[in-house]
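**Q** Please see the structure below; I have some questions.
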Amino acid sequence: MQTLFPTDLPAQEWVHFAAAGFSAPACGVIYRQGHTVTNGLALGGIDTGCIDLETSGLWGYCTLFNTHVPRRGPLNLPFLGLSVGGKTWVLCRPEPKQGAGSYQHPTAPAGTFRVWGEQGWENRAEALAPGLDELVLEGVETASQIHYWGHYPVADLEFETSAPVRVGLRAWSPFLPGDLAGSMWPAIGFEVHLRNPGSQPRQGCIALSFPGPTPQEAGTTRFVREEISGAFKGVVVQGELASYALGASGEAAVRLGGELGARGAAWAAIATALPAPTPDQPGASAAVDFALEPGQERVVRFALSWCAPTWKGGGYNWAPRSTTYTHMYARHYPEARTTAARFAGEGPGLLRRVLAWQEVLYRENALPVWLRDSLVNVLYLLAEDSLWAQKSPALPDWVREEDGLFGLNECPRGCPQIECIPCSFYGNLPLVYFFPELALSTLRGYQGYQSADGAPPWIFGGCTGNTAPIDFASPTRGYQFATNGISLVDMVNRLLRCADTADRAYLREFYPMVKQCSAWTMGLRTTPLYSPGERVIAMPDPDSDETMKPPTEWFEAREPGWFGVTAHVGGLHLAQLQLTRRLAQEAGDPDFARQCDQWLQAGARAMEERLWTGSYYLNFFDPETGRSSDFIFGYQLDGEWILAHHGLPPALPRECIGQVLRTIERTNIALTRYGAVNYANADGTPIRQAADGTWDYGTYSYFPPEALMLAMTYMYNGQREFGAELARRVWHNIICQQGYTWDLPNIMRGDVDTGERTFGNDYYQDLMLWSLPAALRGEDLAGPCRPEGLVARIRAAARP
């Protein structure tokens with residue numbers, strides 16, 4: 001009998017295969033028992049929160065009810081069970097994921113968790129919202145194997161058991177590029193495929209269990225239940241701060257009860273009875289009885305909807321000293337009951353649209369198979385990290401009703417903060433492509449929080465500002481001044497390049513912010529000893545007001561550090577000036593365009609005179625002290641990637657760019673099997689990790705989005721195949737070897753060349769992947785948005 005996808009495919013490698021719902025072969029990676037997958041696929045949409053479906057068939061982390069920092073879980077609970085002939089199979093592998101969803105800061109004492117408390121940030125010895133540590137299911141059998149294919153927002157599972165009825169599951173949430181309201185459904189569909197391959201009729205039942213919110217999440221110890229009838233039959237469970245509905249659609253009868261949870265005895269009895277709920281229990285279950293003739297298949301459609309409309313800036317509903325915000329999704333879907341009823345009717349059409357936009361990518365033969373799959377799955381980060389606050393007195397007056405304020409959480413379990421500006425530089429392109437309303441909301445946030453001197457905000461609120469982790473009204477200037485300007489200017493240019501070119505309103509709106517920001521950037525170095533050109537490409541004054549001393553940039557390494565004039569910052573400043581000059585010309589500001597030209601010419605001369613070695617640019621040189629670093633920095637050409645990605649000419653001589661790329665190939669890239677190390681010695685040997693433990697990232701470390709930028713720099717400079725292979729190596733390690741598919745990292749391990757991560761989970765910087773389709777075609781970032789471009793076709797396929 002046909003399965004959702006073939007179960008005999010190779011595992012842990014990208015493969016091409018036929019799959020249910022697709023008229024052409026799909027792409028993906030199949031995972032099975034024993035494979036390392038650090039996190040399951042997130043089920044949820046934009047601003048809705050999510051719940052992770054682990055490859056073990058257990059629930060993982062859960063933020064549906066606003067326990068964001070710390071994450072609730074991993075829950076480690078089964079949710080689906082089958083009963084046939086008086087015997088029950090719980091459709092999971094009882095292998096709980098270890099660890100906690102708490103914020104674990106690298107500098108905090110071992111075994112402690114960071115939590116927002118009465119005194120601000122506190123270290124605590126116990127996790128705030130843990131799940132089960134162990135799972136023993138007595139009196140039932142479990143799956144002997146689970147074949148798992150995730151293609152966000154869909155998780156397809158095929159279960160192997162000793163049962164006479166075979167089961168496949170398609171769990172999914174609406175996520176529709178170009179349709180913002182359609183991507184904010186607080187709902188999950190569960191299509192359970194029941195198949196009778198034998199020669200005898202079979203009767204049984206299928207049951208689904210959900211734990212609901214904790215009393216603290218719901219703001220109550222007493223829950224109100226009410227059954228729902230109609231096309232969707234189920235139950236709504238309500239608390240003060242959260243509610244949900246669970247049931248099934250299209251069934252003549254649905255049996256309802258309390259949570260089945262981790263109790264084997266409760267699962268064993270599902271054929272005859274579900275647990276009787278009590279008012280203090282938040283969980284629920286739903287069961288559907290079935291009869292299958294030989295060779296027959298039928299589909300049972302369960303659904304879960306929820307509404308938890310407010311969150312606390314402190315990260316969890318009972319956080320002290322926290323501002324309350326209201327989710328934008330609650331404006332569209334204010335009640336779990338009505339959402340469930342709507343979802344029952346609209347769900348099949350929504351799922352068809354999800355599969356339709358995915359098929360556009362799967363059919364894109366100009367892209368390698370690995371990239372087609374990865375472009376689909378990387379979008380899970382928007383479910384894990386997105387929050388969208390409605391306009392309220394908690395936000396500044398400049399926030400508009402239609403905009404609210406949208407933000408992404410840098411790393412919920414490692415560096416929780418909203419809209420860290422370099423992270424959004426790396427990761428906001430999919431918003432520009434598919435949800436420009438969100439990119440616009442965020443840019444207006446940067447505009448509103450810009451300092452009077454032109455400095456952009458570092459964050460809207462969060463841990464590095466010593467403010468509440470997911471607060472939207474606690475901006476700080478922060479640090480990385482040298483690179484904050486290009487981060488902002490680049491994001492403005494992205495929106496303008498991809499917006500309707502006939503609409504000049506955005507240019508008029510944002511050009512003053514860009515002009516002020518670039519003038520501020522050019523004034524960061526005021527030392528008289530520096531020439532005008534050296535000031536353009538220099539780090540800020542050592543006594544600047546940024547919070548990290550000495551001043552730093554995207555690469556925060558204490559060793560070797562950044563001093564004087566630097567190749568990396570220099571190239572980024574030249575790119576910022578070119579982007580600003582173009583906007584000045586388009587905005588009718590010739591005087592500032594000429595000023596940008598003067599800075600550009602002086603800065604470019606200084607790059608050649610002070611930093612060029614003949615084969616690469618020096619890491620840094622300090623004209624005041626004579627101190628220099630001759631390490632080869634693998635990402636010194638980031639500014640050149642920015643310019644190519646925006647369709648602008650290079651700022652550095654083309655022959656120098658080519659020589660740098662050849663040097664990096666024989667040094668930084670040659671030193672690792674997985675990407676390109678941050679630093680290498682001039683002779684191509686690896687650098688030695690600092691013996692005193694200073695944070696220098698290590699010999700083999702690199703950042704995945706930076707490695708992708710380097711790969712694209714090769715593509716834009718005539719080495720398409722080499723760049724494509726470098727990008728594939730980076731992503732193959734992350735997805736196929738390390739299993740970080742839905743748990744994307746920030747920094748790769750530096751002490752040994754294993755390809756493991758050092759730090760970071762669910763880092764939305766990795767949305768940089770969506771820059772690759774344009775680079776592979778040699779186009780600027782707007783190319784995919786043009787008629788018949790990839791982005792335009794995806795958006796069209798996702799429409800009703």
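Each chain in the structure tokens gets a letter, A, B and so on, in the order shown; residues start at 1 in every chain, and ligands are counted from 1 in the order they appear.
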With the cut-off set at 9 Å and counting only C-alpha atoms, tabulate each residue of stretch 457-491 of chain A with an atom at most that distance from an atom of stretch 517-540 of chain A, showing the nearest atom pair and its distance in Å to one decimal, ordered by chain and increasing number, as CSV.
**A**
```
residue,atom,partner,partner_atom,distance
A:Phe481,CA,A:Pro540,CA,7.3
A:Ala482,CA,A:Met539,CA,6.0
A:Thr483,CA,A:Thr521,CA,8.6
A:Asn484,CA,A:Thr521,CA,8.5
A:Gly485,CA,A:Cys517,CA,6.1
A:Ile486,CA,A:Ser518,CA,8.1
A:Leu488,CA,A:Cys517,CA,8.1
A:Val489,CA,A:Cys517,CA,7.9
```
**Q** Write the residues of the preceding selection, restricted to N, CA, C and O atoms, as an mmCIF file, in the first residue's frame.
**A**
```cif
data_model
loop_
_atom_site.group_PDB
_atom_site.id
_atom_site.type_symbol
_atom_site.label_atom_id
_atom_site.label_comp_id
_atom_site.auth_asym_id
_atom_site.auth_seq_id
_atom_site.Cartn_x
_atom_site.Cartn_y
_atom_site.Cartn_z
ATOM 1 N N PHE A 481 29.549 48.752 17.093
ATOM 2 C CA PHE A 481 29.248 49.980 16.362
ATOM 3 C C PHE A 481 29.805 49.947 14.944
ATOM 4 O O PHE A 481 29.179 50.471 14.010
ATOM 5 N N ALA A 482 30.987 49.371 14.764
ATOM 6 C CA ALA A 482 31.646 49.412 13.458
ATOM 7 C C ALA A 482 30.830 48.747 12.361
ATOM 8 O O ALA A 482 30.972 49.101 11.181
ATOM 9 N N THR A 483 29.967 47.787 12.730
ATOM 10 C CA THR A 483 29.214 47.041 11.718
ATOM 11 C C THR A 483 27.702 47.223 11.831
ATOM 12 O O THR A 483 26.958 46.685 11.013
ATOM 13 N N ASN A 484 27.244 47.947 12.824
ATOM 14 C CA ASN A 484 25.795 48.158 12.938
ATOM 15 C C ASN A 484 25.245 49.005 11.796
ATOM 16 O O ASN A 484 24.111 48.818 11.352
ATOM 17 N N GLY A 485 26.050 49.937 11.310
ATOM 18 C CA GLY A 485 25.587 50.815 10.241
ATOM 19 C C GLY A 485 25.306 50.057 8.952
ATOM 20 O O GLY A 485 24.246 50.232 8.333
ATOM 21 N N ILE A 486 26.238 49.213 8.519
ATOM 22 C CA ILE A 486 26.013 48.462 7.288
ATOM 23 C C ILE A 486 24.838 47.507 7.465
ATOM 24 O O ILE A 486 24.079 47.268 6.522
ATOM 25 N N LEU A 488 22.058 48.026 9.100
ATOM 26 C CA LEU A 488 20.825 48.782 8.890
ATOM 27 C C LEU A 488 20.678 49.217 7.431
ATOM 28 O O LEU A 488 19.612 49.043 6.825
ATOM 29 N N VAL A 489 21.737 49.775 6.873
ATOM 30 C CA VAL A 489 21.660 50.314 5.511
ATOM 31 C C VAL A 489 21.375 49.203 4.508
ATOM 32 O O VAL A 489 20.606 49.374 3.555
#
```
**Q** Report as a list of chain:residue names all protein, DNA and RNA residues lying within 12 Å of A:Arg477, evaluated on only C-alpha atoms, omitting residues in the same chain fewer than 4 positions from it.
**A**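 Contacts, with the query itself left out: A:Cys420, A:Ile421, A:Tyr446, A:Tyr449, A:Gln450, A:Ser451, A:Ala452, A:Asp453, A:Gly454, A:Ala455, A:Pro456, A:Pro457, A:Trp458, A:Ile459, A:Phe460, A:Gly461, A:Thr464, A:Gly465, A:Asn466, A:Phe481, A:Asn484, A:Gly485, A:Ser544, A:Asp545, A:Glu546, A:Thr547, A:Met548.
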**Q** Quick one: residues within 10 Å of A:Gly760, only C-alpha atoms counted, chain neighbours fewer than 6 positions away excluded, as an mmCIF file with N, CA and C atoms, in the first residue's frame?
**A**
```
data_model
loop_
_atom_site.group_PDB
_atom_site.id
_atom_site.type_symbol
_atom_site.label_atom_id
_atom_site.label_comp_id
_atom_site.auth_asym_id
_atom_site.auth_seq_id
_atom_site.Cartn_x
_atom_site.Cartn_y
_atom_site.Cartn_z
ATOM 1 N N GLU A 410 16.919 36.339 18.704
ATOM 2 C CA GLU A 410 18.217 35.875 18.207
ATOM 3 C C GLU A 410 18.455 34.388 18.459
ATOM 4 N N CYS A 411 18.331 33.957 19.696
ATOM 5 C CA CYS A 411 18.593 32.560 20.054
ATOM 6 C C CYS A 411 17.882 32.289 21.370
ATOM 7 N N PRO A 412 16.662 31.747 21.326
ATOM 8 C CA PRO A 412 15.853 31.644 22.543
ATOM 9 C C PRO A 412 16.517 30.890 23.680
ATOM 10 N N ARG A 413 17.368 29.914 23.357
ATOM 11 C CA ARG A 413 17.989 29.110 24.419
ATOM 12 C C ARG A 413 19.437 29.472 24.678
ATOM 13 N N GLY A 414 19.962 30.502 24.017
ATOM 14 C CA GLY A 414 21.362 30.843 24.227
ATOM 15 C C GLY A 414 21.662 32.318 24.290
ATOM 16 N N CYS A 415 20.902 33.137 23.576
ATOM 17 C CA CYS A 415 21.108 34.591 23.590
ATOM 18 C C CYS A 415 19.770 35.259 23.295
ATOM 19 N N ASP A 743 17.443 23.006 14.288
ATOM 20 C CA ASP A 743 18.120 23.455 15.508
ATOM 21 C C ASP A 743 19.405 24.167 15.095
ATOM 22 N N LEU A 744 19.290 25.118 14.166
ATOM 23 C CA LEU A 744 20.450 25.625 13.449
ATOM 24 C C LEU A 744 21.404 26.418 14.349
ATOM 25 N N PRO A 745 22.717 26.232 14.129
ATOM 26 C CA PRO A 745 23.727 26.773 15.049
ATOM 27 C C PRO A 745 24.195 28.162 14.679
ATOM 28 N N ASN A 746 25.041 28.699 15.566
ATOM 29 C CA ASN A 746 25.653 30.011 15.374
ATOM 30 C C ASN A 746 27.150 29.901 15.111
ATOM 31 N N ILE A 747 27.863 29.183 15.953
ATOM 32 C CA ILE A 747 29.314 29.087 15.848
ATOM 33 C C ILE A 747 29.712 27.615 15.828
ATOM 34 N N MET A 748 30.558 27.254 14.900
ATOM 35 C CA MET A 748 31.014 25.878 14.812
ATOM 36 C C MET A 748 32.268 25.685 15.667
#
```
**Q** Could you give me, as a PyMOL selection string, the residues within 6 Å of stretch 154-158 of chain A, counting only C-alpha atoms and dropping anything in the same chain fewer than 3 positions from it?
**A** chain A and resi 146-151+168-172
**Q** Can you list every residue in stretch 268-341 of chain A that DSSP puts in helix (DSSP H, G or I), as a VMD selection string?
**A** chain A and resid 268 329 to 332 336 to 341
**Q** So that I have them on file, write out the residues from the current selection with N, CA, C and O atoms, as a compact mmCIF listing (two decimals), in the first residue's frame.
**A**
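Resulting contents of out.txt:
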```
# COMPACT_ATOMS: atom_id res chain seq x y z
N ALA A 268 -3.40 1.97 27.02
CA ALA A 268 -3.86 0.59 26.79
C ALA A 268 -5.36 0.48 26.73
O ALA A 268 -5.90 -0.45 26.11
N TYR A 329 -1.29 37.67 15.91
CA TYR A 329 -2.12 36.58 15.39
C TYR A 329 -3.48 36.56 16.04
O TYR A 329 -4.49 36.15 15.44
N ALA A 330 -3.57 37.04 17.32
CA ALA A 330 -4.85 37.03 18.05
C ALA A 330 -5.85 38.01 17.44
O ALA A 330 -7.05 37.89 17.68
N ARG A 331 -5.39 38.97 16.66
CA ARG A 331 -6.31 39.87 15.96
C ARG A 331 -7.08 39.10 14.89
O ARG A 331 -8.26 39.37 14.64
N HIS A 332 -6.42 38.15 14.26
CA HIS A 332 -7.04 37.38 13.17
C HIS A 332 -7.74 36.13 13.68
O HIS A 332 -8.72 35.68 13.08
N ALA A 336 -9.98 29.98 20.13
CA ALA A 336 -9.60 28.64 19.70
C ALA A 336 -10.78 27.89 19.09
O ALA A 336 -10.62 27.15 18.11
N ARG A 337 -11.97 28.09 19.65
CA ARG A 337 -13.15 27.38 19.15
C ARG A 337 -13.44 27.76 17.69
O ARG A 337 -13.63 26.89 16.83
N THR A 338 -13.53 29.04 17.42
CA THR A 338 -13.86 29.46 16.06
C THR A 338 -12.73 29.14 15.09
O THR A 338 -12.98 28.82 13.92
N THR A 339 -11.50 29.22 15.57
CA THR A 339 -10.37 28.85 14.71
C THR A 339 -10.47 27.38 14.31
O THR A 339 -10.25 27.03 13.15
N ALA A 340 -10.80 26.52 15.27
CA ALA A 340 -10.92 25.09 14.98
C ALA A 340 -12.01 24.83 13.95
O ALA A 340 -11.83 24.03 13.02
N ALA A 341 -13.13 25.51 14.09
CA ALA A 341 -14.23 25.31 13.16
C ALA A 341 -13.85 25.78 11.76
O ALA A 341 -14.14 25.11 10.75
```
**Q** For a quick check of understanding, using only C-alpha atoms, which of A:Cys307, A:Val569, A:Ala499, A:Ala284 has the smallest distance to A:Phe555?
**A**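 Of the candidates, the smallest distance to A:Phe555 is held by A:Val569.
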**Q** Which polymer residues have any atom within 10 Å of an atom of A:Leu371, counting only C-alpha atoms, with same-chain residues fewer than 2 positions away left out, as a ChimeraX atom specification?
**A** /A:14,27-28,361-362,364,367-369,373-377,724,727-728,731-732,769-770,772-773
**Q** I need the residues from that last selection saved to file as an mmCIF file, in the first residue's frame (with C-alpha atoms), if you can.
**A**
```cif
data_model
loop_
_atom_site.group_PDB
_atom_site.id
_atom_site.type_symbol
_atom_site.label_atom_id
_atom_site.label_comp_id
_atom_site.auth_asym_id
_atom_site.auth_seq_id
_atom_site.Cartn_x
_atom_site.Cartn_y
_atom_site.Cartn_z
ATOM 1 C CA TRP A 14 19.528 14.347 0.319
ATOM 2 C CA CYS A 27 13.523 16.445 -2.113
ATOM 3 C CA GLY A 28 14.543 15.774 1.438
ATOM 4 C CA LEU A 361 11.082 24.629 -5.174
ATOM 5 C CA TYR A 362 11.244 20.886 -5.714
ATOM 6 C CA GLU A 364 13.530 24.113 -9.610
ATOM 7 C CA LEU A 367 19.106 24.526 -7.994
ATOM 8 C CA PRO A 368 20.895 21.530 -6.481
ATOM 9 C CA VAL A 369 18.696 19.055 -4.622
ATOM 10 C CA ASP A 373 15.147 20.922 0.437
ATOM 11 C CA SER A 374 17.054 23.301 2.682
ATOM 12 C CA LEU A 375 15.299 26.428 1.427
ATOM 13 C CA VAL A 376 12.030 24.817 2.524
ATOM 14 C CA ASN A 377 13.212 23.686 5.935
ATOM 15 C CA ALA A 724 28.253 26.071 -4.807
ATOM 16 C CA ALA A 727 28.012 26.067 0.383
ATOM 17 C CA ARG A 728 26.993 22.420 0.014
ATOM 18 C CA TRP A 731 25.135 22.632 4.848
ATOM 19 C CA HIS A 732 25.802 18.914 4.428
ATOM 20 C CA LEU A 769 20.534 30.568 2.857
ATOM 21 C CA TRP A 770 17.792 32.352 0.915
ATOM 22 C CA LEU A 772 21.882 31.652 -2.631
ATOM 23 C CA PRO A 773 19.315 31.344 -5.470
#
```
**Q** I'd like the contact shell of A:Gly86 - 12 Å cut-off, only C-alpha atoms, skipping same-chain residues fewer than 5 positions apart - returned as a VMD selection string.
**A** chain A and resid 139 to 140 163 to 164 202 to 205 267 to 272
**Q** Keeping C-alpha atoms, export the residues of the selection given above as a PDB file, in the first residue's frame.
**A**
```pdb
ATOM      1  CA  GLY A 139       1.134  -2.496  29.005  1.00  0.00           C
ATOM      2  CA  VAL A 140       1.536  -1.268  25.433  1.00  0.00           C
ATOM      3  CA  ALA A 163       0.050  -4.058  14.420  1.00  0.00           C
ATOM      4  CA  PRO A 164      -2.102  -5.439  11.570  1.00  0.00           C
ATOM      5  CA  ARG A 202      -9.913  -4.805  10.998  1.00  0.00           C
ATOM      6  CA  GLN A 203     -11.606  -2.637  13.611  1.00  0.00           C
ATOM      7  CA  GLY A 204      -9.861  -0.355  16.051  1.00  0.00           C
ATOM      8  CA  CYS A 205      -9.371   3.201  17.163  1.00  0.00           C
ATOM      9  CA  TRP A 267      -3.135   4.296  26.390  1.00  0.00           C
ATOM     10  CA  ALA A 268      -3.856   0.589  26.795  1.00  0.00           C
ATOM     11  CA  ALA A 269      -7.537   1.363  27.411  1.00  0.00           C
ATOM     12  CA  ILE A 270      -8.194   3.757  24.501  1.00  0.00           C
ATOM     13  CA  ALA A 271     -10.372   1.250  22.658  1.00  0.00           C
ATOM     14  CA  THR A 272     -12.963   1.331  25.441  1.00  0.00           C
TER      15      THR A 272
END
```
**Q** Stretch 24-239 of chain A: which residues are strand (DSSP E or B) by DSSP, as a PyMOL selection string?
**A** chain A and resi 26-31+41-43+51-53+58-62+72+77-78+80-84+87-90+103+113-117+120-124+141-142+145-151+154-160+166-172+187-195+202-210+224-228+232-238
**Q** Hey, what's within 12 Å of A:Glu586 if we count only C-alpha atoms and toss same-chain stuff fewer than 4 positions away? As a ChimeraX atom specification, please?
**A** /A:493,496-497,501,504-508,511,579-582,590,592-593
**Q** In terms of the shortest atom-to-atom distance over only C-alpha atoms, which of A:Leu429, A:Pro348, A:Gln296, A:Tyr674 is closest to A:Arg749?
**A**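 Ranking A:Leu429, A:Pro348, A:Gln296, A:Tyr674 by distance to A:Arg749, first place goes to A:Tyr674.
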